[in-house]
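**Student:** Quick one: this structure, given as structure tokens, is what I'll be asking you about.
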Amino acid sequence: MRPYSSFNKNIISIDLGSFEIKMIEAKENKNGIQVNKAFSFKTPPGSYQNGYIKDFGTLAAMIKEELKDNKFHSGFCHMSIKSSAIISREVSFPAVSDAEIEGLLKYQLSEYLPMDASKYIVQHRIIGSSLDESKDKLVVMVVAIPKEIVDAHYNFLIALGVKPAILDYQSNSLWKLMNFTDYINRSITVRDKTIAIVDLGYSSTNITITKNGVLNTSRVIEIGGMHLDDHSEDLVAASAEDDSTESFLLEETSNKNKFLDQSKYSRMVDTSVEGLMDRIEKVFKYYISKDMGNEIDQILIYGGAARIQGIEKTFTNYLNIPAALINGVGRVNIQDEPGKYLNCISAILRDDGV
């Protein structure tokens with residue numbers, strides 16, 4: 001993927017998910033991001049799971065048809081991905097140059113991460129510094145993505161007839177968005193706070209923690225909306241089209257009609273998401289324990305399962321941290337739901353330092 005300037009040019013951005021695929025055509029200019037087109041459609045069953053393309057032909061044919069039907073004309077394409085197979089860790093290094101860190105990762109990666117380095121593409125970012133035994137240390141975010149995933153997505157975009165320009169790790173894209181925007185929901189400022197961004201997807205949940213504009217912690221939890229349904233069939237009414245995959249995405253009015261006793265519904269939500277809350281709390285505790293004074297000021301929630309009525313209140317009550325659904329992003333002009341297309345929007349942004 002060769003460097004190029006995307007400023008003020010239309011870019012296609014694709015968010016592949018195991019339940020739904022989202023796409024936008026947008027451009028970044030001096031005023032922000034202008035989204036000109038946005039659409040979504042259901043992922044063919046079994047064709048995409050946990051960052052892996054399982055049915056290349058079916059998936060490619062459907063997306064090509066959707067691009068044609070929706071008259072997408074841009075050639076360059078950005079994409080962000082998430083997978084539990086992607087390894088993301090914060091590692092301490094001696095206070096050396098960035099080039100020396102790259103060399104250490106290249107030749108001594110197994111000393112820092114238990115993995116076969118030949119099967120991964122590894123990138124890093126310096127996110128801070130520390131003092132260990134009177135010696136200066138650098139804190140480095142190391143991300144290792146299986147080459148199999150990178151190659152498959154690159155070849156997939158080629159098959160779509162677009163030009164692969166950016167393939168980014170989802171948390172890195174979100175970090176860039178938190179630096180780019182000036183507010184969320186018109187009232188929540190994010191640049192000078194510690195923000196936990198939680199993507200409640202269908203098959204997994206992605207947690208990104210940024211502190212004062214720096215990506216600090218990133219984890220993928222293998223619990224998503226499909227698992228919430230498994231624990232409580234009555235949580236959300238089943239879809240008339242596909243009761244096995246679509247139930248957790250229904251509008252909250254369905255929930256209200258099904259559960260006239262609001263307190264009963266609230267208890268059901270709390271019980272259903274308890275396992276997920278426990279896992280999220282462990283990630284938060286890990287982050288808070290890393291450095292004295294660490295805390296989380298705000299939780300921002302988006303993704304398909306975020307449409308469960310009252311989910312933000314469950315987060316607030318369980319974790320004792322203010323939580324809000326993302327329904328507006330400063331400096332982003334989009335006619336559709338910003339939260340729905342957040343991964344597409346964040347992938348538009350480019351950082352030449354990565």
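By convention here, the chains of the structure tokens are called A, B, ... in the order presented, each chain's residues are numbered starting at 1, and ligands are numbered starting at 1 in the order presented.
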Enumerate, as a ChimeraX atom specification, the complete set of residues in stretch 85-183 of chain A that a backbone-based DSSP assignment places in strand (DSSP E).

**Tutor:** /A:87-94,120-132,135-146,163-169

**Student:** Find the residues near A:Gly330: any atom within 10 Å, counting only C-alpha atoms, skip ones fewer than 3 places away on the same chain, and give them as a PyMOL selection string.

**Tutor:** chain A and resi 32-33+177-178+180-189+333

**Student:** If we count only C-alpha atoms and set the cut-off at 10 Å, which residues sit around A:Asp116, ignoring sequence neighbours fewer than 5 positions away in its own chain? Please answer as a list in words.

**Tutor:**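 So, after excluding close chain neighbours, the residues are Leu109, Ser110 and Pro146 of chain A.
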
**Student:** Let me make sure I understand: among A:Ile301, A:Ala85, A:Ile348, A:Ile21, which one has the smallest atom-to-atom distance to A:Lys313 if we use only C-alpha atoms?

**Tutor:** A:Ile301

**Student:** Taking into account only C-alpha atoms, which residue in the set A:Tyr107, A:Phe56, A:Tyr48, A:Phe41 is nearest to A:Ser83?

**Tutor:**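 The closest residue to A:Ser83 is A:Tyr48.
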
**Student:** Might you pull out every residue within 6 Å of A:Lys137, with only C-alpha atoms counted and same-chain residues fewer than 2 positions away left off, and present them as an NGL selection string?

**Tutor:** :A and (93-95 or 129-131)

**Student:** At a cut-off of 12 Å, using only C-alpha atoms, what residues contact A:Ser218? Leave out same-chain residues fewer than 5 positions from it and give the result as a ChimeraX atom specification.

**Tutor:** /A:82-84,86-90,141-143,169-175,195-199,205-211,280,283-284,286-287

**Student:** Find, counting only C-alpha atoms, the residue in A:Val214, A:Cys77, A:Leu228, A:Ile296 that gets nearest to A:Leu160.

**Tutor:** A:Cys77

**Student:** Between A:Tyr202, A:Tyr341, A:Phe315, A:Phe7, which one has atoms that come closest to A:Ile221, using only C-alpha atoms?

**Tutor:** A:Tyr202

**Student:** When you count only C-alpha atoms, which of these residues is closest to A:Lys290: A:Val91, A:Met62, A:Ala144, A:Tyr120?

**Tutor:**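 When distances to A:Lys290 are compared using only C-alpha atoms, the smallest one comes from A:Val91.
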
**Student:** Counting only C-alpha atoms, which of A:Glu20, A:Glu25, A:Asp55, A:Glu111 gets nearest to A:Ala152?

**Tutor:**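 Counting only C-alpha atoms, the residue closest to A:Ala152 is A:Asp55.
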
**Student:** Could you pull the residues within 12 Å of A:Ile158, counting only C-alpha atoms, minus those fewer than 4 positions along the same chain, as a PyMOL selection string?

**Tutor:** chain A and resi 1+56+60+64+75-77+151-154+162-165

**Student:** Please write the residues from the selection above to a file, keeping N, CA, C and O atoms, as a compact mmCIF listing (two decimals), in the first residue's frame.

**Tutor:**
# COMPACT_ATOMS: atom_id res chain seq x y z
N MET A 1 0.85 -1.18 0.00
CA MET A 1 0.00 0.00 0.00
C MET A 1 0.89 1.24 0.00
O MET A 1 1.60 1.50 0.97
N PHE A 56 -14.88 -16.08 0.48
CA PHE A 56 -14.34 -14.97 -0.31
C PHE A 56 -15.27 -14.62 -1.47
O PHE A 56 -15.62 -13.45 -1.67
N ALA A 60 -17.38 -11.12 -1.74
CA ALA A 60 -16.91 -10.17 -2.75
C ALA A 60 -18.01 -9.85 -3.76
O ALA A 60 -18.21 -8.69 -4.14
N LYS A 64 -19.48 -6.05 -4.29
CA LYS A 64 -19.35 -5.44 -5.62
C LYS A 64 -20.69 -4.98 -6.14
O LYS A 64 -20.81 -3.89 -6.72
N GLY A 75 -11.96 5.46 -6.13
CA GLY A 75 -11.10 4.30 -6.34
C GLY A 75 -10.39 3.86 -5.08
O GLY A 75 -10.21 2.67 -4.84
N PHE A 76 -9.94 4.81 -4.25
CA PHE A 76 -9.17 4.48 -3.06
C PHE A 76 -10.07 3.98 -1.95
O PHE A 76 -11.19 4.47 -1.76
N CYS A 77 -9.58 3.00 -1.19
CA CYS A 77 -10.39 2.39 -0.14
C CYS A 77 -9.60 2.28 1.16
O CYS A 77 -8.42 1.89 1.16
N ASP A 151 -3.13 -10.22 4.34
CA ASP A 151 -3.10 -10.62 2.93
C ASP A 151 -4.51 -10.85 2.39
O ASP A 151 -4.83 -10.46 1.26
N ALA A 152 -5.36 -11.48 3.21
CA ALA A 152 -6.72 -11.78 2.75
C ALA A 152 -7.51 -10.50 2.50
O ALA A 152 -8.23 -10.39 1.50
N HIS A 153 -7.38 -9.52 3.38
CA HIS A 153 -8.12 -8.27 3.20
C HIS A 153 -7.58 -7.47 2.02
O HIS A 153 -8.34 -6.83 1.28
N TYR A 154 -6.26 -7.49 1.83
CA TYR A 154 -5.68 -6.79 0.68
C TYR A 154 -6.19 -7.40 -0.63
O TYR A 154 -6.66 -6.70 -1.53
N VAL A 162 -11.33 -1.93 -6.14
CA VAL A 162 -10.92 -0.66 -5.53
C VAL A 162 -9.42 -0.71 -5.27
O VAL A 162 -8.78 -1.75 -5.40
N LYS A 163 -8.86 0.43 -4.88
CA LYS A 163 -7.42 0.52 -4.63
C LYS A 163 -7.16 0.52 -3.12
O LYS A 163 -7.49 1.48 -2.43
N PRO A 164 -6.58 -0.54 -2.58
CA PRO A 164 -6.29 -0.58 -1.14
C PRO A 164 -5.29 0.50 -0.77
O PRO A 164 -4.19 0.56 -1.32
N ALA A 165 -5.68 1.38 0.14
CA ALA A 165 -4.79 2.47 0.55
C ALA A 165 -4.40 2.38 2.02
O ALA A 165 -3.24 2.55 2.37

**Student:** May I have all residues of stretch 85-159 of chain A that DSSP, computed from the backbone, assigns to helix (DSSP H, G or I), given as a CSV table (one decimal) with C-alpha atoms, in the first residue's frame?

**Tutor:**
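Written file, out11.csv:
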chain,number,residue,atom,x,y,z
A,98,ASP,CA,12.2,4.6,17.5
A,99,ALA,CA,14.5,2.9,14.9
A,100,GLU,CA,16.1,0.9,17.7
A,101,ILE,CA,12.7,-0.2,19.0
A,102,GLU,CA,11.9,-1.4,15.5
A,103,GLY,CA,15.1,-3.4,15.4
A,104,LEU,CA,14.4,-5.0,18.8
A,105,LEU,CA,10.9,-5.9,17.7
A,106,LYS,CA,12.2,-7.4,14.5
A,107,TYR,CA,14.8,-9.6,16.0
A,108,GLN,CA,13.7,-10.2,19.6
A,109,LEU,CA,9.9,-10.1,19.4
A,110,SER,CA,9.5,-13.4,21.1
A,111,GLU,CA,11.1,-11.9,24.2
A,112,TYR,CA,8.2,-9.5,24.5
A,117,ALA,CA,7.0,-13.5,14.6
A,118,SER,CA,7.2,-14.9,11.0
A,119,LYS,CA,3.4,-15.2,11.0
A,147,LYS,CA,-0.2,-12.0,8.0
A,148,GLU,CA,-3.1,-14.3,6.9
A,149,ILE,CA,-5.6,-11.6,7.8
A,150,VAL,CA,-3.7,-8.7,6.2
A,151,ASP,CA,-3.1,-10.6,2.9
A,152,ALA,CA,-6.7,-11.8,2.8
A,153,HIS,CA,-8.1,-8.3,3.2
A,154,TYR,CA,-5.7,-6.8,0.7
A,155,ASN,CA,-6.6,-9.4,-1.9
A,156,PHE,CA,-10.3,-8.9,-1.1
A,157,LEU,CA,-10.1,-5.2,-1.9
A,158,ILE,CA,-8.3,-5.9,-5.1
A,159,ALA,CA,-11.1,-8.3,-6.0

**Student:** Give me the residues near A:Lys30 as an NGL selection string, where near means some atom within 12 Å (using only C-alpha atoms) and where sequence neighbours in that chain fewer than 4 positions away do not count.

**Tutor:** :A and (7-9 or 34 or 180 or 331-332)
